[in-house]
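Have a look at target.tsv below; it lists TSV, C-alpha atoms.
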```
chain	number	residue	atom	x	y	z
A	69	MET	CA	10.23	22.50	30.73
A	70	LYS	CA	12.34	25.66	31.19
A	71	ILE	CA	14.76	25.51	34.12
A	72	LEU	CA	17.05	28.28	35.33
A	73	LEU	CA	20.06	26.95	37.27
A	74	VAL	CA	21.74	29.38	39.65
A	75	ASN	CA	25.17	29.01	41.27
A	76	LYS	CA	27.77	31.64	42.11
A	77	TYR	CA	30.54	29.85	40.20
A	78	TYR	CA	30.26	28.33	36.72
A	79	TYR	CA	33.46	26.36	36.38
A	80	HIS	CA	34.81	23.15	37.90
A	81	ARG	CA	35.69	24.53	41.33
A	82	GLY	CA	34.07	22.21	43.87
A	83	GLY	CA	31.29	19.69	44.41
A	84	ALA	CA	28.45	22.19	43.97
A	85	GLU	CA	29.85	23.40	40.66
A	86	VAL	CA	30.37	19.86	39.36
A	87	TYR	CA	26.77	19.08	40.30
A	88	VAL	CA	25.36	22.14	38.52
A	89	ILE	CA	27.41	21.62	35.35
A	90	ASN	CA	26.46	17.93	35.19
A	91	LEU	CA	22.81	18.73	35.92
A	92	GLU	CA	22.72	21.29	33.12
A	93	ALA	CA	23.93	18.64	30.66
A	94	LEU	CA	21.53	16.02	32.03
A	95	LEU	CA	18.48	18.29	31.71
A	96	ARG	CA	19.39	19.31	28.18
A	97	GLU	CA	19.95	15.69	27.14
A	98	ASN	CA	16.40	14.98	28.30
A	99	GLY	CA	14.83	17.71	26.19
A	100	HIS	CA	14.55	20.56	28.69
A	101	GLN	CA	15.52	24.17	28.05
A	102	VAL	CA	18.17	25.31	30.53
A	103	ALA	CA	19.63	28.72	31.34
A	104	VAL	CA	22.35	29.52	33.88
A	105	PHE	CA	22.86	32.51	36.15
A	106	SER	CA	26.26	32.93	37.79
A	107	MET	CA	29.09	35.43	38.38
A	108	GLN	CA	31.54	36.56	35.77
A	109	HIS	CA	34.86	34.73	36.12
A	110	PRO	CA	37.80	34.11	33.75
A	111	LEU	CA	37.50	30.33	34.27
A	112	ASN	CA	33.77	30.20	33.47
A	113	LEU	CA	32.45	27.78	30.88
A	114	PRO	CA	31.00	29.42	27.77
A	115	SER	CA	27.35	30.43	28.18
A	116	PRO	CA	24.85	32.21	25.93
A	117	TYR	CA	23.62	33.94	29.11
A	118	ALA	CA	27.00	35.33	30.20
A	119	GLU	CA	25.87	38.91	29.48
A	120	PHE	CA	23.50	38.61	32.44
A	121	PHE	CA	26.22	37.50	34.87
A	122	PRO	CA	27.07	40.16	37.46
A	123	SER	CA	30.68	41.17	38.05
A	124	THR	CA	32.89	38.82	40.01
A	125	VAL	CA	33.40	39.24	43.75
A	126	ASP	CA	36.46	37.73	45.42
A	127	PHE	CA	36.30	38.18	49.17
A	128	ALA	CA	39.84	36.81	49.49
A	129	SER	CA	41.37	39.83	47.74
A	130	ILE	CA	39.25	42.88	48.57
A	131	ARG	CA	40.66	46.18	47.31
A	132	VAL	CA	39.90	49.35	49.28
A	133	ARG	CA	38.21	51.02	46.31
A	134	ASP	CA	35.83	48.05	45.95
A	135	SER	CA	35.12	47.57	49.66
A	136	LEU	CA	31.65	49.16	49.62
A	137	LYS	CA	30.56	46.98	46.67
A	138	TYR	CA	31.82	43.88	48.43
A	139	MET	CA	30.09	44.79	51.69
A	140	LEU	CA	26.74	45.31	49.96
A	141	ARG	CA	26.81	42.23	47.73
A	142	PRO	CA	25.68	39.69	50.39
A	143	PHE	CA	22.57	41.78	51.07
A	144	GLY	CA	21.46	42.09	47.45
A	145	SER	CA	23.29	44.50	45.14
A	146	LYS	CA	21.62	46.62	42.47
A	147	GLU	CA	23.66	44.93	39.73
A	148	VAL	CA	22.53	41.43	40.74
A	149	LYS	CA	18.90	42.49	41.04
A	150	ILE	CA	18.78	44.16	37.63
A	151	LYS	CA	20.60	41.43	35.72
A	152	PHE	CA	18.72	38.56	37.34
A	153	ALA	CA	15.34	40.23	36.74
A	154	ARG	CA	16.29	40.81	33.08
A	155	LEU	CA	17.18	37.14	32.66
A	156	LEU	CA	13.91	36.05	34.28
A	157	ASP	CA	11.94	38.24	31.89
A	158	LEU	CA	13.86	36.98	28.85
A	159	PHE	CA	13.98	33.26	29.66
A	160	ALA	CA	10.67	32.99	31.59
A	161	PRO	CA	11.58	29.80	33.49
A	162	ASP	CA	9.06	27.37	34.93
A	163	VAL	CA	11.49	26.62	37.78
A	164	VAL	CA	14.45	28.39	39.34
A	165	HIS	CA	16.85	25.82	40.81
A	166	LEU	CA	19.19	27.50	43.29
A	167	ASN	CA	22.46	26.05	44.52
A	168	ASN	CA	25.26	28.01	46.25
A	169	VAL	CA	24.16	31.65	46.04
A	170	HIS	CA	24.94	33.31	49.38
A	171	SER	CA	27.37	36.22	49.64
A	172	GLN	CA	28.52	36.58	46.02
A	173	LEU	CA	24.98	36.56	44.54
A	174	SER	CA	22.83	36.55	47.71
A	175	PRO	CA	19.35	35.08	48.34
A	176	VAL	CA	17.84	38.27	46.92
A	177	ILE	CA	17.48	36.25	43.73
A	178	ALA	CA	15.11	33.87	45.56
A	179	GLU	CA	13.06	36.87	46.66
A	180	ILE	CA	12.91	38.24	43.10
A	181	ALA	CA	11.81	34.88	41.61
A	182	TYR	CA	9.27	34.38	44.40
A	183	ASN	CA	7.72	37.80	43.75
A	184	LYS	CA	7.31	36.84	40.10
A	185	GLY	CA	5.44	33.67	41.09
A	186	ILE	CA	8.12	31.27	39.87
A	187	LYS	CA	8.63	27.91	41.56
A	188	ILE	CA	11.88	27.71	43.51
A	189	VAL	CA	13.88	24.56	44.32
A	190	TRP	CA	17.09	24.96	46.33
A	191	THR	CA	19.80	22.30	46.66
A	192	VAL	CA	21.61	22.77	49.99
A	193	HIS	CA	25.30	22.01	49.40
A	194	ASP	CA	26.70	23.54	52.59
A	195	TYR	CA	25.57	24.90	55.98
A	196	LYS	CA	25.27	28.61	55.18
A	197	MET	CA	21.59	28.60	56.16
A	198	LEU	CA	22.64	27.54	59.67
A	199	CYS	CA	26.19	28.83	60.03
A	200	PRO	CA	27.25	32.34	58.94
A	201	ARG	CA	30.67	30.88	58.09
A	202	TYR	CA	29.03	28.15	55.95
A	203	ASP	CA	31.09	25.12	57.06
A	204	CYS	CA	30.38	24.86	60.81
A	205	MET	CA	34.08	25.19	61.67
A	206	ARG	CA	35.49	27.29	64.51
A	207	ASN	CA	39.25	27.32	64.98
A	208	THR	CA	39.46	24.22	62.73
A	209	VAL	CA	37.01	22.31	64.96
A	210	PRO	CA	33.35	21.47	64.09
A	211	CYS	CA	30.89	23.84	65.77
A	212	ARG	CA	27.08	24.13	65.93
A	213	LEU	CA	26.64	27.17	68.16
A	214	CYS	CA	24.73	29.13	65.50
A	215	HIS	CA	22.36	26.31	64.55
A	216	THR	CA	19.77	27.35	67.14
A	217	GLY	CA	19.29	30.77	65.54
A	218	GLU	CA	21.66	32.88	67.65
A	219	LYS	CA	24.10	33.95	64.92
A	220	TRP	CA	26.11	36.45	66.99
A	221	HIS	CA	28.67	33.74	67.79
A	222	VAL	CA	30.28	34.47	64.41
A	223	ILE	CA	31.28	37.91	65.78
A	224	ARG	CA	32.12	36.64	69.24
A	225	TYR	CA	34.70	34.19	67.85
A	226	ASN	CA	35.74	36.17	64.74
A	227	CYS	CA	34.85	33.13	62.65
A	228	MET	CA	35.23	34.76	59.22
A	229	LYS	CA	38.93	34.84	58.36
A	230	ASN	CA	39.62	35.87	61.97
A	231	ASN	CA	38.45	39.33	60.91
A	232	LEU	CA	35.91	41.41	62.84
A	233	VAL	CA	34.58	43.30	59.80
A	234	ALA	CA	34.15	40.13	57.74
A	235	SER	CA	32.48	38.41	60.71
A	236	ALA	CA	30.11	41.37	61.21
A	237	ILE	CA	29.11	41.24	57.54
A	238	ALA	CA	28.47	37.50	57.83
A	239	TYR	CA	26.32	38.15	60.89
A	240	GLY	CA	24.32	40.83	59.09
A	241	GLU	CA	23.84	38.52	56.11
A	242	ALA	CA	22.51	35.75	58.37
A	243	VAL	CA	20.06	38.15	60.02
A	244	LYS	CA	18.93	39.63	56.70
A	245	TRP	CA	18.39	36.23	55.05
A	246	ASN	CA	17.00	34.38	58.04
A	247	ARG	CA	15.25	31.02	58.11
A	248	LYS	CA	11.74	32.47	57.89
A	249	LYS	CA	12.53	34.40	54.72
A	250	LEU	CA	14.33	31.50	53.05
A	251	GLU	CA	11.42	29.16	53.83
A	252	LYS	CA	8.93	31.70	52.51
A	253	TYR	CA	10.69	32.06	49.16
A	254	THR	CA	11.49	28.38	48.60
A	255	ASP	CA	9.06	25.62	47.62
A	256	THR	CA	11.44	22.73	48.38
A	257	PHE	CA	14.96	22.43	49.79
A	258	ILE	CA	16.87	19.45	48.40
A	259	CYS	CA	19.10	17.81	51.01
A	260	PRO	CA	21.70	15.54	49.37
A	261	SER	CA	22.09	13.63	52.65
A	262	GLN	CA	19.97	12.60	55.60
A	263	PHE	CA	22.55	14.32	57.79
A	264	MET	CA	21.91	17.66	56.08
A	265	GLN	CA	18.19	17.20	56.53
A	266	SER	CA	18.66	16.46	60.24
A	267	GLN	CA	20.78	19.59	60.72
A	268	LEU	CA	18.22	21.83	59.02
A	269	VAL	CA	15.41	20.33	61.06
A	270	GLY	CA	17.48	20.91	64.18
A	271	GLY	CA	17.89	24.52	63.07
A	272	GLY	CA	14.12	25.01	62.91
A	273	PHE	CA	13.41	24.35	59.22
A	274	ASP	CA	10.09	22.74	58.36
A	275	LYS	CA	10.77	19.08	57.58
A	276	ALA	CA	7.87	19.07	55.11
A	277	LYS	CA	9.91	21.41	52.90
A	278	LEU	CA	13.03	19.21	52.98
A	279	LYS	CA	13.49	16.43	50.42
A	280	VAL	CA	16.46	14.04	50.56
A	281	ILE	CA	17.85	13.40	47.06
A	282	PRO	CA	21.46	12.11	46.90
A	283	ASN	CA	23.90	13.47	44.36
A	284	PHE	CA	24.52	11.60	41.12
A	285	VAL	CA	27.63	10.92	39.07
A	286	SER	CA	28.06	11.69	35.39
A	287	PHE	CA	29.57	8.29	34.65
A	288	THR	CA	28.50	4.74	35.37
A	289	SER	CA	30.28	1.42	35.36
A	290	THR	CA	29.30	-2.11	34.45
A	291	ASP	CA	30.67	-5.53	35.32
A	292	GLY	CA	32.72	-5.51	32.14
A	293	ASN	CA	35.01	-2.66	33.12
A	294	ILE	CA	35.40	-3.12	36.87
A	295	SER	CA	38.91	-4.21	37.68
A	296	VAL	CA	39.14	-7.03	40.21
A	297	GLN	CA	42.93	-6.98	40.19
A	298	ARG	CA	43.78	-3.80	42.06
A	299	GLU	CA	47.17	-2.14	42.15
A	300	ASP	CA	49.03	-1.64	45.41
A	301	TYR	CA	48.14	1.95	46.17
A	302	TYR	CA	45.35	3.90	47.83
A	303	CYS	CA	44.22	7.40	46.94
A	304	TYR	CA	42.66	10.68	48.01
A	305	ILE	CA	40.76	12.76	45.46
A	306	GLY	CA	39.54	16.21	46.36
A	307	ARG	CA	40.38	19.68	47.57
A	308	LEU	CA	43.56	20.14	49.58
A	309	SER	CA	42.29	22.32	52.41
A	310	THR	CA	42.26	22.15	56.20
A	311	GLU	CA	38.69	20.93	56.69
A	312	LYS	CA	39.29	17.94	54.40
A	313	GLY	CA	41.71	16.39	56.89
A	314	VAL	CA	44.34	15.77	54.22
A	315	GLU	CA	47.23	16.51	56.55
A	316	THR	CA	46.01	13.87	59.01
A	317	LEU	CA	46.01	11.38	56.12
A	318	LEU	CA	49.50	12.45	55.06
A	319	GLN	CA	50.81	12.04	58.60
A	320	ALA	CA	49.43	8.50	58.62
A	321	ALA	CA	50.80	7.69	55.16
A	322	ASN	CA	54.21	9.02	56.16
A	323	GLN	CA	54.41	6.33	58.84
A	324	LEU	CA	53.25	3.43	56.64
A	325	PRO	CA	54.99	1.49	53.84
A	326	TYR	CA	52.12	1.78	51.30
A	327	LEU	CA	51.85	4.13	48.30
A	328	LEU	CA	49.33	6.98	48.61
A	329	LYS	CA	48.34	9.00	45.53
A	330	ILE	CA	46.89	12.47	46.09
A	331	ALA	CA	44.79	14.01	43.29
A	332	GLY	CA	43.51	17.56	43.51
A	333	LYS	CA	44.57	21.13	44.16
A	334	GLY	CA	43.71	23.67	46.82
A	335	PRO	CA	45.20	26.26	49.17
A	336	LEU	CA	47.44	23.70	50.89
A	337	PHE	CA	48.78	22.02	47.74
A	338	ASN	CA	52.23	23.61	47.57
A	339	GLU	CA	52.84	23.45	51.29
A	340	LEU	CA	51.79	19.81	51.66
A	341	LYS	CA	53.67	18.70	48.57
A	342	LYS	CA	56.85	20.34	49.84
A	343	ARG	CA	56.54	18.71	53.26
A	344	TYR	CA	55.25	15.23	52.44
A	345	GLU	CA	56.10	14.18	48.86
A	346	SER	CA	58.23	11.02	48.93
A	347	ASN	CA	58.49	7.57	47.43
A	348	ARG	CA	55.38	6.68	49.48
A	349	ILE	CA	53.31	9.81	48.79
A	350	GLU	CA	52.70	11.05	45.24
A	351	PHE	CA	50.98	14.38	44.43
A	352	LEU	CA	49.23	14.29	41.06
A	353	GLY	CA	47.60	17.74	41.01
A	354	HIS	CA	44.34	18.35	39.16
A	355	LEU	CA	43.12	15.42	37.02
A	356	GLN	CA	40.57	15.27	34.23
A	357	THR	CA	37.51	13.02	34.59
A	358	ASP	CA	38.98	10.09	32.65
A	359	GLU	CA	42.18	10.31	34.69
A	360	VAL	CA	40.16	10.29	37.92
A	361	LYS	CA	38.27	7.20	36.76
A	362	THR	CA	41.55	5.40	35.98
A	363	LEU	CA	43.08	6.35	39.31
A	364	LEU	CA	40.02	5.31	41.33
A	365	GLY	CA	39.28	2.23	39.24
A	366	ASN	CA	42.71	0.70	39.92
A	367	ALA	CA	43.13	1.69	43.57
A	368	ARG	CA	42.81	-0.76	46.46
A	369	PHE	CA	40.61	1.82	48.17
A	370	SER	CA	40.10	5.58	48.47
A	371	VAL	CA	40.20	7.69	51.63
A	372	LEU	CA	38.07	10.65	52.70
A	373	PRO	CA	39.57	11.86	56.01
A	374	SER	CA	37.30	14.90	56.44
A	375	GLU	CA	37.25	16.93	59.62
A	376	TRP	CA	34.10	18.92	58.82
A	377	TYR	CA	30.48	17.84	58.37
A	378	GLU	CA	30.62	16.48	54.83
A	379	ASN	CA	27.23	16.53	53.12
A	380	ASN	CA	27.00	13.93	50.32
A	381	PRO	CA	30.56	13.87	48.95
A	382	LEU	CA	30.89	13.14	45.25
A	383	SER	CA	34.32	11.61	45.83
A	384	VAL	CA	32.74	8.78	47.85
A	385	ILE	CA	29.95	8.21	45.34
A	386	GLU	CA	32.36	8.19	42.38
A	387	SER	CA	34.63	5.74	44.17
A	388	LEU	CA	31.80	3.33	44.97
A	389	CYS	CA	30.39	3.53	41.43
A	390	LEU	CA	33.78	2.30	40.20
A	391	GLY	CA	33.72	-0.55	42.71
A	392	THR	CA	36.41	0.99	44.89
A	393	PRO	CA	35.78	0.74	48.66
A	394	VAL	CA	36.12	3.87	50.79
A	395	LEU	CA	37.83	4.44	54.11
A	396	GLY	CA	35.91	7.41	55.44
A	397	ALA	CA	35.90	9.60	58.52
A	398	SER	CA	32.83	9.01	60.64
A	399	ILE	CA	31.48	12.55	60.37
A	400	GLY	CA	28.60	14.32	58.63
A	401	GLY	CA	26.98	12.42	55.77
A	402	ILE	CA	29.88	10.03	55.16
A	403	PRO	CA	28.67	7.17	57.41
A	404	GLU	CA	25.34	6.87	55.59
A	405	LEU	CA	27.24	6.01	52.39
A	406	ILE	CA	29.44	3.30	53.89
A	407	ASP	CA	28.35	-0.17	54.98
A	408	GLU	CA	31.33	-1.19	57.07
A	409	GLY	CA	33.10	-4.33	55.92
A	410	TRP	CA	31.12	-4.44	52.67
A	411	ASN	CA	31.91	-1.29	50.69
A	412	GLY	CA	34.41	0.33	53.03
A	413	LEU	CA	35.38	1.17	56.59
A	414	LEU	CA	35.05	4.11	58.97
A	415	PHE	CA	37.40	5.72	61.45
A	416	ALA	CA	36.92	8.48	64.01
A	417	SER	CA	37.57	11.84	62.37
A	418	ARG	CA	40.96	13.35	63.37
A	419	ASN	CA	42.06	10.05	64.97
A	420	LEU	CA	45.48	9.41	63.45
A	421	ASP	CA	46.04	6.06	65.14
A	422	GLU	CA	42.68	4.66	64.09
A	423	LEU	CA	43.22	5.86	60.51
A	424	LYS	CA	46.61	4.12	60.38
A	425	PHE	CA	45.11	0.94	61.82
A	426	GLN	CA	42.30	0.81	59.24
A	427	ILE	CA	44.73	1.40	56.35
A	428	GLN	CA	46.83	-1.51	57.60
A	429	GLN	CA	43.72	-3.66	57.98
A	430	ILE	CA	42.85	-3.26	54.31
A	431	PHE	CA	46.40	-3.81	53.02
A	432	ASN	CA	46.75	-6.88	55.25
A	433	ASN	CA	43.63	-8.32	53.56
A	434	SER	CA	41.64	-8.36	56.77
A	435	PHE	CA	38.61	-7.54	54.59
A	436	SER	CA	37.63	-9.06	51.25
A	437	PHE	CA	35.81	-6.54	49.08
A	438	ASP	CA	33.65	-7.56	46.12
A	439	TYR	CA	34.49	-4.76	43.70
A	440	LYS	CA	31.86	-5.71	41.13
A	441	ALA	CA	29.08	-5.95	43.71
A	442	ILE	CA	30.04	-2.58	45.19
A	443	ALA	CA	29.83	-1.01	41.73
A	444	GLN	CA	26.50	-2.65	40.89
A	445	THR	CA	24.84	-1.46	44.11
A	446	ALA	CA	26.26	2.08	43.91
A	447	ASN	CA	25.28	2.54	40.28
A	448	ARG	CA	21.70	1.52	41.08
A	449	LYS	CA	21.53	3.88	44.05
A	450	PHE	CA	23.11	6.91	42.39
A	451	ALA	CA	21.79	6.39	38.87
A	452	VAL	CA	21.22	9.46	36.73
A	453	ALA	CA	17.68	8.28	35.97
A	454	ASN	CA	16.79	8.16	39.66
A	455	HIS	CA	18.02	11.69	40.24
A	456	LEU	CA	16.23	13.04	37.17
A	457	HIS	CA	12.96	11.36	38.16
A	458	ALA	CA	13.13	12.83	41.67
A	459	LEU	CA	13.81	16.31	40.30
A	460	MET	CA	10.95	16.12	37.82
A	461	GLU	CA	8.57	15.33	40.68
A	462	LEU	CA	9.76	18.46	42.50
A	463	TYR	CA	9.74	20.65	39.39
A	464	GLY	CA	6.18	19.55	38.74
```
Show how you would write the structure in this file as structure tokens.
Amino acid sequence: MKILLVNKYYYHRGGAEVYVINLEALLRENGHQVAVFSMQHPLNLPSPYAEFFPSTVDFASIRVRDSLKYMLRPFGSKEVKIKFARLLDLFAPDVVHLNNVHSQLSPVIAEIAYNKGIKIVWTVHDYKMLCPRYDCMRNTVPCRLCHTGEKWHVIRYNCMKNNLVASAIAYGEAVKWNRKKLEKYTDTFICPSQFMQSQLVGGGFDKAKLKVIPNFVSFTSTDGNISVQREDYYCYIGRLSTEKGVETLLQAANQLPYLLKIAGKGPLFNELKKRYESNRIEFLGHLQTDEVKTLLGNARFSVLPSEWYENNPLSVIESLCLGTPVLGASIGGIPELIDEGWNGLLFASRNLDELKFQIQQIFNNSFSFDYKAIAQTANRKFAVANHLHALMELYG
């Protein structure tokens, strides 16, 4: 089968990019032909299809001379249309599998593939189809005002970078690529979590077009390499940004006598490291896959203190597949991954006191976790074979 994977970034940037890169390898390993369509970027992985990638767009550093190009891109630029159509004609895919495409590429690519009669599957990694800002955050607090279809709230509250022009563009993009159009162009939307499915249904999407398929991990573990003697530290692995709740975790760790290891980079890295690094809090920066496995595999537990509606976080799945329990914020899709007292614990998102209490509970051995059993169950649930089988059913 010939599958065209589409995502606006083609390097290890976030969860969506990790998923696409791992999926590309998985499909190729199983005998399928795979092409990729993305933006040009200096960090991109090598690709034989790079000549078809449109120029990069960085909304965080818009230059005046490029402002018109940037404003038009979310609505479907000429460059994207021409290059994507050329790739479709050359590769002739059986399926186009979309991921994060809004703004930098735009859903115009779904329209183009649809008009050529190509099957379209779309994995929904964030809330852009419901929220013009994409993450359902307003003034650092979760918000669902736009879920009902009235998208003008993004202008009312200046949700995009606290900038009226950026917010107006986001509003126009949401109106242009509305639910009816996206449903028309797409055969099936893949929801990595039941929570995502519930939000889309609440936003008016047809449940018959929504299929829940959890993410998968590129590595598995067996009884033979699961450590049952854990070291005396806990860890956070992920992006260091406001919505991830990392500062709440650091405030808790700063008041406790246990060692916390922070792995990852992001916009808050330098600031948080300067303010919180100590003999109890260690910042490790970006780690390679093997280093992540070692860090997670030896930790007492990992923490995901998110303050936004997480979808199906890879950091939780990776932790569980290594037998490491998770202390997670009770928000978004996190609770459906955690069976309290068995493979982890939950705490109310943003609740510093409850987070501190649960950390102390685990270090005081109030719970006895079976690391091997956690790994066995997680590896069965998130097995590569399961994910591939589910995709093949959708691809047809």
Among listed residues A:Tyr344, A:Phe284, A:Tyr202, A:Tyr463, nearest Glu378 in chain A (using all atoms listed in the file): A:Tyr202
Neighbour list for Ile258 in chain A as a VMD selection string, cut-off 12 Å, only C-alpha atoms, skip fewer than 5 positions in-chain: chain A and resid 165 to 167 188 to 194 264 to 265 268 275 to 283 379 to 380 455 458 to 459 462 to 463
Closest of A:Lys424, A:Lys187, A:His109, A:Lys252 to Gln323 in chain A - atom-to-atom distances counting all atoms listed in the file: A:Lys424
Proximity to Gln172 in chain A - best of A:Thr208, A:Gln108, A:Gln101, A:Asn322, only C-alpha atoms: A:Gln108
Quick one: which range 214-240 of chain A residues come within 12 Å of range 118-128 of chain A, and what is the nearest atom pair for each with the distance in Å to one decimal, counting all atoms listed in the file, rows ordered by chain and ascending number, as JSON lines?
```
{"residue": "A:Met228", "atom": "CA", "partner": "A:Phe127", "partner_atom": "CA", "distance": 10.7}
{"residue": "A:Lys229", "atom": "CA", "partner": "A:Ala128", "partner_atom": "CA", "distance": 9.1}
{"residue": "A:Asn231", "atom": "CA", "partner": "A:Ala128", "partner_atom": "CA", "distance": 11.8}
{"residue": "A:Val233", "atom": "CA", "partner": "A:Phe127", "partner_atom": "CA", "distance": 11.9}
{"residue": "A:Ala234", "atom": "CA", "partner": "A:Phe127", "partner_atom": "CA", "distance": 9.0}
{"residue": "A:Ile237", "atom": "CA", "partner": "A:Phe127", "partner_atom": "CA", "distance": 11.5}
{"residue": "A:Ala238", "atom": "CA", "partner": "A:Phe127", "partner_atom": "CA", "distance": 11.7}
```
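Considering the residues A:Glu408, A:Asp255, A:Glu85, A:Asp162 and counting only C-alpha atoms, Gln426 in chain A has its shortest atom-to-atom contact with A:Glu408.
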Using only C-alpha atoms, determine which residues lie at most 12 Å from Arg418 in chain A, disregarding the query and same-chain residues fewer than 5 positions distant; provide the list as a short mmCIF file (atom, residue, chain, number, x, y, z; two decimals) with C-alpha atoms, keeping the file's coordinate frame.
```cif
data_model
loop_
_atom_site.label_atom_id
_atom_site.label_comp_id
_atom_site.auth_asym_id
_atom_site.auth_seq_id
_atom_site.Cartn_x
_atom_site.Cartn_y
_atom_site.Cartn_z
CA THR A 208 39.46 24.22 62.73
CA VAL A 209 37.01 22.31 64.96
CA PRO A 210 33.35 21.47 64.09
CA THR A 310 42.26 22.15 56.20
CA GLU A 311 38.69 20.93 56.69
CA LYS A 312 39.29 17.94 54.40
CA GLY A 313 41.71 16.39 56.89
CA VAL A 314 44.34 15.77 54.22
CA GLU A 315 47.23 16.51 56.55
CA THR A 316 46.01 13.87 59.01
CA LEU A 317 46.01 11.38 56.12
CA LEU A 318 49.50 12.45 55.06
CA GLN A 319 50.81 12.04 58.60
CA ALA A 320 49.43 8.50 58.62
CA LEU A 372 38.07 10.65 52.70
CA PRO A 373 39.57 11.86 56.01
CA SER A 374 37.30 14.90 56.44
CA GLU A 375 37.25 16.93 59.62
CA TRP A 376 34.10 18.92 58.82
CA GLY A 396 35.91 7.41 55.44
CA ALA A 397 35.90 9.60 58.52
CA SER A 398 32.83 9.01 60.64
CA ILE A 399 31.48 12.55 60.37
CA LEU A 423 43.22 5.86 60.51
CA LYS A 424 46.61 4.12 60.38
#
```
Residue neighbourhood Gln356 in chain A, 12 Å, only C-alpha atoms, exclusion window fewer than 3 positions, as number ranges by chain: A: 80, 305, 331-332, 352-353, 359-363
Keeping just N, CA and C atoms, export range 220-234 of chain A of this structure as a PDB file, in the first residue's frame.
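Dumped to part-v3.pdb:
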```
ATOM      1  N   TRP A 220     -15.697  33.348  17.678  1.00  0.00           N
ATOM      2  CA  TRP A 220     -15.316  34.754  17.850  1.00  0.00           C
ATOM      3  C   TRP A 220     -14.691  35.050  19.211  1.00  0.00           C
ATOM      4  N   HIS A 221     -14.798  34.115  20.141  1.00  0.00           N
ATOM      5  CA  HIS A 221     -14.186  34.321  21.462  1.00  0.00           C
ATOM      6  C   HIS A 221     -12.676  34.511  21.358  1.00  0.00           C
ATOM      7  N   VAL A 222     -12.056  33.934  20.312  1.00  0.00           N
ATOM      8  CA  VAL A 222     -10.606  34.075  20.154  1.00  0.00           C
ATOM      9  C   VAL A 222     -10.220  35.541  19.938  1.00  0.00           C
ATOM     10  N   ILE A 223     -11.109  36.310  19.286  1.00  0.00           N
ATOM     11  CA  ILE A 223     -10.869  37.752  19.116  1.00  0.00           C
ATOM     12  C   ILE A 223     -11.245  38.505  20.382  1.00  0.00           C
ATOM     13  N   ARG A 224     -12.349  38.126  20.967  1.00  0.00           N
ATOM     14  CA  ARG A 224     -12.833  38.803  22.176  1.00  0.00           C
ATOM     15  C   ARG A 224     -11.780  38.806  23.278  1.00  0.00           C
ATOM     16  N   TYR A 225     -11.075  37.673  23.434  1.00  0.00           N
ATOM     17  CA  TYR A 225     -10.090  37.560  24.515  1.00  0.00           C
ATOM     18  C   TYR A 225      -8.637  37.648  24.026  1.00  0.00           C
ATOM     19  N   ASN A 226      -8.446  37.989  22.738  1.00  0.00           N
ATOM     20  CA  ASN A 226      -7.080  38.093  22.207  1.00  0.00           C
ATOM     21  C   ASN A 226      -6.261  36.842  22.520  1.00  0.00           C
ATOM     22  N   CYS A 227      -6.809  35.692  22.230  1.00  0.00           N
ATOM     23  CA  CYS A 227      -6.207  34.429  22.670  1.00  0.00           C
ATOM     24  C   CYS A 227      -4.860  34.116  22.003  1.00  0.00           C
ATOM     25  N   MET A 228      -4.665  34.566  20.777  1.00  0.00           N
ATOM     26  CA  MET A 228      -3.428  34.240  20.062  1.00  0.00           C
ATOM     27  C   MET A 228      -2.336  35.248  20.387  1.00  0.00           C
ATOM     28  N   LYS A 229      -1.441  34.853  21.255  1.00  0.00           N
ATOM     29  CA  LYS A 229      -0.270  35.671  21.617  1.00  0.00           C
ATOM     30  C   LYS A 229      -0.666  37.051  22.141  1.00  0.00           C
ATOM     31  N   ASN A 230      -1.903  37.152  22.641  1.00  0.00           N
ATOM     32  CA  ASN A 230      -2.413  38.435  23.140  1.00  0.00           C
ATOM     33  C   ASN A 230      -2.308  39.522  22.067  1.00  0.00           C
ATOM     34  N   ASN A 231      -2.558  39.103  20.814  1.00  0.00           N
ATOM     35  CA  ASN A 231      -2.393  39.983  19.660  1.00  0.00           C
ATOM     36  C   ASN A 231      -3.676  39.957  18.827  1.00  0.00           C
ATOM     37  N   LEU A 232      -4.231  41.137  18.552  1.00  0.00           N
ATOM     38  CA  LEU A 232      -5.510  41.215  17.851  1.00  0.00           C
ATOM     39  C   LEU A 232      -5.416  40.701  16.422  1.00  0.00           C
ATOM     40  N   VAL A 233      -4.337  41.046  15.713  1.00  0.00           N
ATOM     41  CA  VAL A 233      -4.185  40.592  14.334  1.00  0.00           C
ATOM     42  C   VAL A 233      -4.065  39.070  14.270  1.00  0.00           C
ATOM     43  N   ALA A 234      -3.200  38.514  15.129  1.00  0.00           N
ATOM     44  CA  ALA A 234      -3.028  37.061  15.158  1.00  0.00           C
ATOM     45  C   ALA A 234      -4.329  36.360  15.529  1.00  0.00           C
TER      46      ALA A 234
END
```
